[in-house]
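The block underneath contains the structure these notes are about, expressed in structure tokens.
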Amino acid sequence: MFAPSQEEVRRFFCGAWAKHQAVQPLTPLEALAVDWITQHPEYHGDLSDVEVAIAAQFKVEEGRTNPFLHLSMHLSITEQTSIDQPRGIKAAVERLAHRRASLHEAHHEVMESLGQMVWASQRSGMPFDGEAYIADILARASR
């Protein structure tokens, strides 16, 4: 399993965005990242200076979403659906995207499910419950 540091994640997103703006070739993963970055113009400033990005703190009480966590979750969900792991995630996300008429909005709801499942797994010390994750996404698709 690949577990990059916070600094590596921030450098990756800032680097991908800088390459995109300079019209330089992107790796396939950078291209996926840039696809999500372009859908989040509110983060463009956060990605414009890598040294500022590395030092930045995104505290809940400040009311700001951590752009690097948010974009990482988009990439994670994209990867999960591309390989259908956990099994059923692809169909569940497609169903939710159809219901919301937006893959982007579906991803934001899936992020809520993913965050809850990771939190529950960490709190209980039990493995991640992929079936509960899929069930939560499908429940969202039925609302």
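Labels for the structure tokens follow display order: chains A, B, ..., residues from 1 in each chain, ligands from 1.
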Using only C-alpha atoms, tabulate the residues of range 16-43 of chain A lying at most 9 Å from any atom of range 66-77 of chain A, each with its closest atom pair and that distance in Å to one decimal, by chain and increasing residue number, as a Markdown table.
```
| residue | atom | partner | partner_atom | distance |
| --- | --- | --- | --- | --- |
| A:Leu29 | CA | A:Leu75 | CA | 8.5 |
| A:Leu32 | CA | A:Leu75 | CA | 7.2 |
| A:Ala33 | CA | A:Leu75 | CA | 6.7 |
| A:Trp36 | CA | A:Leu71 | CA | 6.8 |
| A:Ile37 | CA | A:Leu71 | CA | 7.2 |
| A:His40 | CA | A:Leu71 | CA | 8.9 |
| A:Glu42 | CA | A:Pro67 | CA | 8.8 |
| A:Tyr43 | CA | A:Pro67 | CA | 6.1 |
```
Pull N, CA, C and O atoms from the residues just selected and write them as a PDB file, in the first residue's frame.
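Heads up, here's the output in again_17.pdb:
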```pdb
ATOM      1  N   LEU A  29      -1.985   9.852 -13.499  1.00  0.00           N
ATOM      2  CA  LEU A  29      -2.512  10.224 -12.189  1.00  0.00           C
ATOM      3  C   LEU A  29      -2.619  11.742 -12.055  1.00  0.00           C
ATOM      4  O   LEU A  29      -3.590  12.260 -11.509  1.00  0.00           O
ATOM      5  N   LEU A  32      -5.736  12.885 -13.830  1.00  0.00           N
ATOM      6  CA  LEU A  32      -6.945  12.674 -13.009  1.00  0.00           C
ATOM      7  C   LEU A  32      -7.049  13.758 -11.940  1.00  0.00           C
ATOM      8  O   LEU A  32      -8.133  14.295 -11.696  1.00  0.00           O
ATOM      9  N   ALA A  33      -5.929  14.053 -11.297  1.00  0.00           N
ATOM     10  CA  ALA A  33      -5.932  15.094 -10.265  1.00  0.00           C
ATOM     11  C   ALA A  33      -6.353  16.431 -10.848  1.00  0.00           C
ATOM     12  O   ALA A  33      -7.185  17.141 -10.265  1.00  0.00           O
ATOM     13  N   TRP A  36     -10.053  16.895 -11.342  1.00  0.00           N
ATOM     14  CA  TRP A  36     -10.780  17.269 -10.127  1.00  0.00           C
ATOM     15  C   TRP A  36     -10.426  18.682  -9.680  1.00  0.00           C
ATOM     16  O   TRP A  36     -11.295  19.420  -9.217  1.00  0.00           O
ATOM     17  N   ILE A  37      -9.159  19.075  -9.842  1.00  0.00           N
ATOM     18  CA  ILE A  37      -8.751  20.435  -9.462  1.00  0.00           C
ATOM     19  C   ILE A  37      -9.527  21.472 -10.269  1.00  0.00           C
ATOM     20  O   ILE A  37      -9.986  22.476  -9.715  1.00  0.00           O
ATOM     21  N   HIS A  40     -12.744  22.471  -8.945  1.00  0.00           N
ATOM     22  CA  HIS A  40     -12.699  23.137  -7.647  1.00  0.00           C
ATOM     23  C   HIS A  40     -11.883  24.423  -7.748  1.00  0.00           C
ATOM     24  O   HIS A  40     -10.788  24.526  -7.170  1.00  0.00           O
ATOM     25  N   GLU A  42     -12.136  27.023  -6.198  1.00  0.00           N
ATOM     26  CA  GLU A  42     -11.886  27.596  -4.879  1.00  0.00           C
ATOM     27  C   GLU A  42     -10.557  27.123  -4.286  1.00  0.00           C
ATOM     28  O   GLU A  42     -10.062  27.710  -3.324  1.00  0.00           O
ATOM     29  N   TYR A  43      -9.961  26.077  -4.840  1.00  0.00           N
ATOM     30  CA  TYR A  43      -8.686  25.556  -4.353  1.00  0.00           C
ATOM     31  C   TYR A  43      -7.490  26.040  -5.169  1.00  0.00           C
ATOM     32  O   TYR A  43      -6.351  25.780  -4.791  1.00  0.00           O
TER      33      TYR A  43
END
```
### Message
Set the distance at 12 Å and use only C-alpha atoms: which residues neighbour range 115-124 of chain A once local chain neighbours fewer than 5 positions away are removed? I'd like the list as an MDAnalysis selection string.
### Response
chainID A and resid 69:70 73 76:77 107:110 129:137
### Task
Would you please extract all alpha helix (DSSP H) residues from chain A, as assigned by DSSP on the backbone, and give them as a ChimeraX atom specification?
/A:6-21,28-38,50-55,67-83,89-100,103-124,130-141
### Query
How far is it from CA of Ala92 in chain A to CA of Leu138 in chain A, in Å with one decimal?
5.6 Å
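The two atoms in question, CA of Val34 in chain A and CA of Ala141 in chain A, are spaced 26.8 Å apart.
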### Message
Using only C-alpha atoms for the distances, tell me which of A:Ala18, A:Leu96, A:Leu114, A:Met126 is nearest to Arg140 in chain A.
### Response
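When distances to Arg140 in chain A are compared using only C-alpha atoms, the smallest one comes from A:Leu96.
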#### Entry: d(CA of Glu112 in chain A, CA of Asp84 in chain A) in Å
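These two atoms are separated by 18.6 Å.
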